[in-house]
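Encoded as structure tokens, the structure appears first; notes follow it.
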Amino acid sequence: MPNGYDVARAAGVSQTTVSRVFRGDTLVAARTRDHVLEVARRLGYAPNLAARTLTTNRAYTVAVITPDVVNPLYPQEITTLHGEFSAAGYRTMLLTRGAPGADEDSAPRDLDALRGRAVDGVVFAAATVESPAVAEFLASGMPLVLLHRDTERGEVDRVLSDERAGCRLAAEYAVGLGHRRIGVLTGPPDTSSGRYRRQHFEDALAELGCPLDPKYAHWGSHSHETGFALAAELLALDPAPTAVLCGSDIVAYGVLDAARRRGLRVPADLSVIGFDDIAMSSWSMIGLTTVRQPLAEMARAAATTLLHRIEQPAAHTPRRQVFDVELIERGTSGPAPH
């Protein structure tokens, strides 16, 4: 079997350069990297992971922790994360927090293994506001990036969308269509995204002269079942809301299902606006009006940030990266009914 020296000789580079390419060193020129990888493929060379681990004291594995894989947002981002880590020579370990309301430290029972350095870093998309796991990872020195989650701790990297702007866009759009009875369904209050989006929706509606009626506002998990159940409650009110702003697309799907089950026309009787713009929201059978987060860009930023933190810790400064959002108008929104 060919070894790294064979690849170096055939590619006309040093063995050190071959090693840097296969450990994903970002300082290697793109042309050199591509040439080395092409030669390695031609020779049938594959790096020995065990040897790399012993040499570099790394596991060449990263963990991605999500609340679940039922919400299509997470598989969509996991695909991007896996591609980025794989290209850099790292394997991806996927853990989920578990059922809604599950304790985040007991749900992925492998967290103890993560703390034991079975992985080189963690992308954490399931952290709660007062997450003990975040503090423990930081205390242990584990490289960590929070995705879709915020914290007051300045020593941790966060990758977020501009939630305040997104909620403002959705509220302005609904009010501009003439809606005054507006419902708001957001995620769990123990997550930054759930808590902040609820507050941002409420603030924006108040500034627009359409204060949020408490009976039209609910917290819940990001699931179709939650959207369906909470929408059923809202639509049974008299008077019922004429528009519902949702903290996620999958909750909006539940609202659409509940409205149609009740015989309401969307958008003639009820407008529904989501937040995420996951892939299926653009399907013609759904056509959801929603706030678009650049999900692929955010996932790539999380991967790049974590790899830099792992490979160049002395040069890394934690930061809060916030991505712009935009309102995507489709078929689930329209003027308020007379």
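Going through the structure tokens in order, the chains are called A, B, and so on, while each chain numbers its residues from 1 and the ligands are numbered from 1 in the order shown.
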- Tell me which protein, DNA and RNA residues are within 9 Å of Ala252 of chain A, counting only C-alpha atoms, leaving out same-chain ones fewer than 2 positions away, and put them as a list in words.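 Close residues of Ala252 of chain A: Leu185, Ser223, His224, Gly227, Phe228, Val244, Leu245, Cys246, Gly247, Ser248, Asp249, Ile250, Gly254, Val255, Leu256, Asp257, Val272, Ile273, Gly274, Phe275 and Leu288 of chain A.
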Pull N, CA and C atoms from the residues just selected and write them as a compact mmCIF listing (two decimals), in the first residue's frame.
```txt
# COMPACT_ATOMS: atom_id res chain seq x y z
N LEU A 185 -46.29 32.26 17.74
CA LEU A 185 -45.91 30.95 18.27
C LEU A 185 -44.39 30.83 18.18
N SER A 223 -41.94 21.85 16.45
CA SER A 223 -42.45 20.62 15.85
C SER A 223 -43.77 20.89 15.17
N HIS A 224 -44.11 20.04 14.20
CA HIS A 224 -45.41 20.13 13.53
C HIS A 224 -46.53 19.94 14.53
N GLY A 227 -47.14 23.12 16.50
CA GLY A 227 -47.81 24.11 15.67
C GLY A 227 -49.28 23.79 15.47
N PHE A 228 -49.57 22.52 15.24
CA PHE A 228 -50.96 22.10 15.02
C PHE A 228 -51.80 22.32 16.29
N VAL A 244 -50.65 34.51 11.78
CA VAL A 244 -49.83 33.87 12.82
C VAL A 244 -48.37 33.97 12.40
N LEU A 245 -47.55 34.54 13.29
CA LEU A 245 -46.11 34.62 13.10
C LEU A 245 -45.47 33.47 13.86
N CYS A 246 -44.68 32.67 13.19
CA CYS A 246 -44.12 31.47 13.81
C CYS A 246 -42.61 31.60 13.98
N GLY A 247 -42.11 31.01 15.05
CA GLY A 247 -40.68 31.05 15.32
C GLY A 247 -39.87 30.06 14.52
N SER A 248 -40.53 29.20 13.73
CA SER A 248 -39.82 28.25 12.86
C SER A 248 -40.76 27.80 11.76
N ASP A 249 -40.20 27.31 10.68
CA ASP A 249 -41.02 26.84 9.56
C ASP A 249 -41.84 25.61 9.93
N ILE A 250 -41.23 24.70 10.70
CA ILE A 250 -41.94 23.45 10.98
C ILE A 250 -43.18 23.71 11.85
N GLY A 254 -47.44 23.11 10.94
CA GLY A 254 -48.52 22.65 11.81
C GLY A 254 -49.70 23.62 11.80
N VAL A 255 -49.41 24.93 11.75
CA VAL A 255 -50.47 25.93 11.69
C VAL A 255 -51.27 25.78 10.39
N LEU A 256 -50.57 25.60 9.29
CA LEU A 256 -51.25 25.41 8.01
C LEU A 256 -52.16 24.18 8.04
N ASP A 257 -51.66 23.12 8.65
CA ASP A 257 -52.45 21.89 8.75
C ASP A 257 -53.70 22.12 9.59
N VAL A 272 -50.03 32.93 7.28
CA VAL A 272 -49.06 32.22 8.11
C VAL A 272 -47.66 32.56 7.63
N ILE A 273 -46.80 32.98 8.56
CA ILE A 273 -45.43 33.37 8.24
C ILE A 273 -44.47 32.58 9.13
N GLY A 274 -43.48 31.96 8.52
CA GLY A 274 -42.52 31.15 9.26
C GLY A 274 -41.21 31.88 9.51
N PHE A 275 -40.21 31.11 9.95
CA PHE A 275 -38.88 31.66 10.22
C PHE A 275 -37.88 30.53 10.03
N LEU A 288 -44.45 28.49 1.61
CA LEU A 288 -44.55 29.24 2.87
C LEU A 288 -43.86 30.60 2.78
```
- Message: Between A:Val62, A:Leu307, A:Leu235, A:Ala296, which residue has the minimum interatomic distance to Thr26 of chain A, considering only C-alpha atoms?
- Response: A:Leu307
- Task: Please report, as a ChimeraX atom specification, each residue of segment 123-266 of chain A to which DSSP assigns alpha helix (DSSP H) when run on this structure's backbone.
- Result: /A:132-140,163-176,192-207,224-235,249-261
- Can you list every residue in segment 8-240 of chain A that DSSP puts in strand (DSSP E or B), as number ranges by chain? A: 61-66, 91-96, 121-124, 144-147, 157-161, 182-186, 217-219
I need the residues from that last selection saved to file as a JSON list (two decimals), in the first residue's frame (with N, CA and C atoms), if you can.
```json
[["chain", "number", "residue", "atom", "x", "y", "z"],
["A", 61, "THR", "N", -12.12, 13.92, 15.04],
["A", 61, "THR", "CA", -13.57, 13.72, 15.10],
["A", 61, "THR", "C", -14.17, 14.94, 15.79],
["A", 62, "VAL", "N", -15.27, 15.42, 15.27],
["A", 62, "VAL", "CA", -16.00, 16.51, 15.91],
["A", 62, "VAL", "C", -17.43, 16.05, 16.18],
["A", 63, "ALA", "N", -18.04, 16.61, 17.21],
["A", 63, "ALA", "CA", -19.42, 16.27, 17.55],
["A", 63, "ALA", "C", -20.34, 17.41, 17.14],
["A", 64, "VAL", "N", -21.50, 17.05, 16.64],
["A", 64, "VAL", "CA", -22.57, 18.00, 16.34],
["A", 64, "VAL", "C", -23.76, 17.60, 17.20],
["A", 65, "ILE", "N", -24.19, 18.50, 18.08],
["A", 65, "ILE", "CA", -25.32, 18.22, 18.97],
["A", 65, "ILE", "C", -26.51, 19.07, 18.56],
["A", 66, "THR", "N", -27.61, 18.43, 18.19],
["A", 66, "THR", "CA", -28.83, 19.13, 17.79],
["A", 66, "THR", "C", -29.97, 18.74, 18.72],
["A", 91, "ARG", "N", -13.99, 13.27, 11.00],
["A", 91, "ARG", "CA", -15.26, 12.54, 11.05],
["A", 91, "ARG", "C", -16.25, 13.35, 11.88],
["A", 92, "THR", "N", -17.54, 13.08, 11.67],
["A", 92, "THR", "CA", -18.59, 13.79, 12.40],
["A", 92, "THR", "C", -19.39, 12.82, 13.24],
["A", 93, "MET", "N", -19.50, 13.11, 14.53],
["A", 93, "MET", "CA", -20.33, 12.34, 15.44],
["A", 93, "MET", "C", -21.60, 13.14, 15.71],
["A", 94, "LEU", "N", -22.76, 12.55, 15.49],
["A", 94, "LEU", "CA", -24.03, 13.25, 15.67],
["A", 94, "LEU", "C", -24.70, 12.79, 16.96],
["A", 95, "LEU", "N", -25.07, 13.76, 17.79],
["A", 95, "LEU", "CA", -25.82, 13.50, 19.01],
["A", 95, "LEU", "C", -27.05, 14.38, 19.01],
["A", 96, "THR", "N", -28.14, 13.89, 19.58],
["A", 96, "THR", "CA", -29.34, 14.69, 19.71],
["A", 96, "THR", "C", -29.69, 14.86, 21.18],
["A", 121, "GLY", "N", -13.71, 18.81, 19.12],
["A", 121, "GLY", "CA", -14.51, 20.02, 19.26],
["A", 121, "GLY", "C", -15.98, 19.71, 19.09],
["A", 122, "VAL", "N", -16.82, 20.70, 19.40],
["A", 122, "VAL", "CA", -18.27, 20.50, 19.39],
["A", 122, "VAL", "C", -18.96, 21.69, 18.73],
["A", 123, "VAL", "N", -19.90, 21.38, 17.82],
["A", 123, "VAL", "CA", -20.87, 22.37, 17.35],
["A", 123, "VAL", "C", -22.15, 22.08, 18.13],
["A", 124, "PHE", "N", -22.56, 23.05, 18.94],
["A", 124, "PHE", "CA", -23.67, 22.85, 19.87],
["A", 124, "PHE", "C", -24.87, 23.67, 19.40],
["A", 144, "LEU", "N", -15.47, 24.92, 21.16],
["A", 144, "LEU", "CA", -16.94, 24.91, 21.13],
["A", 144, "LEU", "C", -17.46, 26.05, 20.27],
["A", 145, "VAL", "N", -18.47, 25.75, 19.45],
["A", 145, "VAL", "CA", -19.18, 26.77, 18.69],
["A", 145, "VAL", "C", -20.66, 26.56, 18.91],
["A", 146, "LEU", "N", -21.37, 27.62, 19.30],
["A", 146, "LEU", "CA", -22.81, 27.57, 19.43],
["A", 146, "LEU", "C", -23.45, 27.99, 18.11],
["A", 147, "LEU", "N", -24.38, 27.18, 17.62],
["A", 147, "LEU", "CA", -25.08, 27.48, 16.37],
["A", 147, "LEU", "C", -26.55, 27.69, 16.69],
["A", 157, "ASP", "N", -17.60, 31.02, 20.89],
["A", 157, "ASP", "CA", -18.02, 31.42, 19.55],
["A", 157, "ASP", "C", -19.51, 31.15, 19.37],
["A", 158, "ARG", "N", -20.20, 32.11, 18.70],
["A", 158, "ARG", "CA", -21.63, 31.93, 18.40],
["A", 158, "ARG", "C", -21.87, 32.28, 16.95],
["A", 159, "VAL", "N", -22.70, 31.49, 16.28],
["A", 159, "VAL", "CA", -23.10, 31.76, 14.90],
["A", 159, "VAL", "C", -24.62, 31.88, 14.90],
["A", 160, "LEU", "N", -25.11, 33.07, 14.53],
["A", 160, "LEU", "CA", -26.54, 33.39, 14.66],
["A", 160, "LEU", "C", -27.04, 34.11, 13.43],
["A", 161, "SER", "N", -28.36, 34.17, 13.30],
["A", 161, "SER", "CA", -28.95, 35.08, 12.32],
["A", 161, "SER", "C", -29.44, 36.32, 13.07],
["A", 182, "ILE", "N", -53.01, 39.34, 15.55],
["A", 182, "ILE", "CA", -51.85, 38.57, 15.11],
["A", 182, "ILE", "C", -51.40, 37.62, 16.22],
["A", 183, "GLY", "N", -51.32, 36.34, 15.89],
["A", 183, "GLY", "CA", -50.82, 35.35, 16.83],
["A", 183, "GLY", "C", -49.32, 35.17, 16.69],
["A", 184, "VAL", "N", -48.69, 34.74, 17.78],
["A", 184, "VAL", "CA", -47.24, 34.51, 17.79],
["A", 184, "VAL", "C", -46.97, 33.16, 18.46],
["A", 185, "LEU", "N", -46.29, 32.26, 17.74],
["A", 185, "LEU", "CA", -45.91, 30.95, 18.27],
["A", 185, "LEU", "C", -44.39, 30.83, 18.18],
["A", 186, "THR", "N", -43.73, 30.76, 19.32],
["A", 186, "THR", "CA", -42.27, 30.70, 19.33],
["A", 186, "THR", "C", -41.78, 29.47, 20.06],
["A", 217, "ALA", "N", -50.53, 34.50, 22.10],
["A", 217, "ALA", "CA", -49.10, 34.16, 22.13],
["A", 217, "ALA", "C", -48.87, 32.88, 22.93],
["A", 218, "HIS", "N", -48.05, 31.98, 22.37],
["A", 218, "HIS", "CA", -47.75, 30.71, 23.04],
["A", 218, "HIS", "C", -46.29, 30.32, 22.80],
["A", 219, "TRP", "N", -45.72, 29.61, 23.80],
["A", 219, "TRP", "CA", -44.41, 28.98, 23.66],
["A", 219, "TRP", "C", -44.63, 27.52, 23.27]]
```
- Message: Between atom CA of Ala229 of chain A and atom CA of Val69 of chain A, what distance in Å does the model show, to one decimal?
- Response: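 Separation of atom CA of Ala229 of chain A and atom CA of Val69 of chain A: 20.4 Å.
Atom CA of Leu177 of chain A to atom CA of Pro335 of chain A spans 4.6 Å [interatomic distance, one decimal].
The closest residue to Thr16 of chain A, picked from A:Ile78, A:Ala258, A:Val325, A:Val36 and counting only C-alpha atoms, is A:Val36.
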- When distances are computed from only C-alpha atoms, which of A:Arg180, A:Lys215, A:Arg261, A:Arg164 shows the smallest separation from Arg198 of chain A? A:Arg164
Spatial neighbours of Ala165 of chain A, 12 Å, only C-alpha atoms, chain gap at least 6 places, as a PDB file with C-alpha atoms, in the first residue's frame:
```pdb
ATOM      1  CA  ALA A 171     -44.286  41.907  11.915  1.00  0.00           C
ATOM      2  CA  GLU A 172     -44.057  44.863   9.513  1.00  0.00           C
ATOM      3  CA  TYR A 196     -35.541  36.337  21.883  1.00  0.00           C
ATOM      4  CA  ARG A 197     -37.873  35.777  18.941  1.00  0.00           C
ATOM      5  CA  HIS A 200     -38.602  40.686  19.222  1.00  0.00           C
ATOM      6  CA  PHE A 201     -42.050  39.901  17.777  1.00  0.00           C
ATOM      7  CA  ASP A 203     -41.482  44.655  20.607  1.00  0.00           C
ATOM      8  CA  ALA A 204     -41.975  45.082  16.861  1.00  0.00           C
ATOM      9  CA  PHE A 275     -38.877  31.663  10.224  1.00  0.00           C
ATOM     10  CA  VAL A 291     -37.931  34.788   7.077  1.00  0.00           C
ATOM     11  CA  ARG A 292     -34.885  33.299   5.396  1.00  0.00           C
ATOM     12  CA  GLN A 293     -31.796  32.484   7.417  1.00  0.00           C
ATOM     13  CA  VAL A 322     -24.532  37.452  12.994  1.00  0.00           C
ATOM     14  CA  PHE A 323     -25.917  36.784   9.514  1.00  0.00           C
ATOM     15  CA  ASP A 324     -28.431  38.942   7.654  1.00  0.00           C
ATOM     16  CA  VAL A 325     -31.960  37.685   6.991  1.00  0.00           C
ATOM     17  CA  GLU A 326     -34.640  38.494   4.415  1.00  0.00           C
ATOM     18  CA  LEU A 327     -38.382  38.062   4.060  1.00  0.00           C
TER      19      LEU A 327
END
```
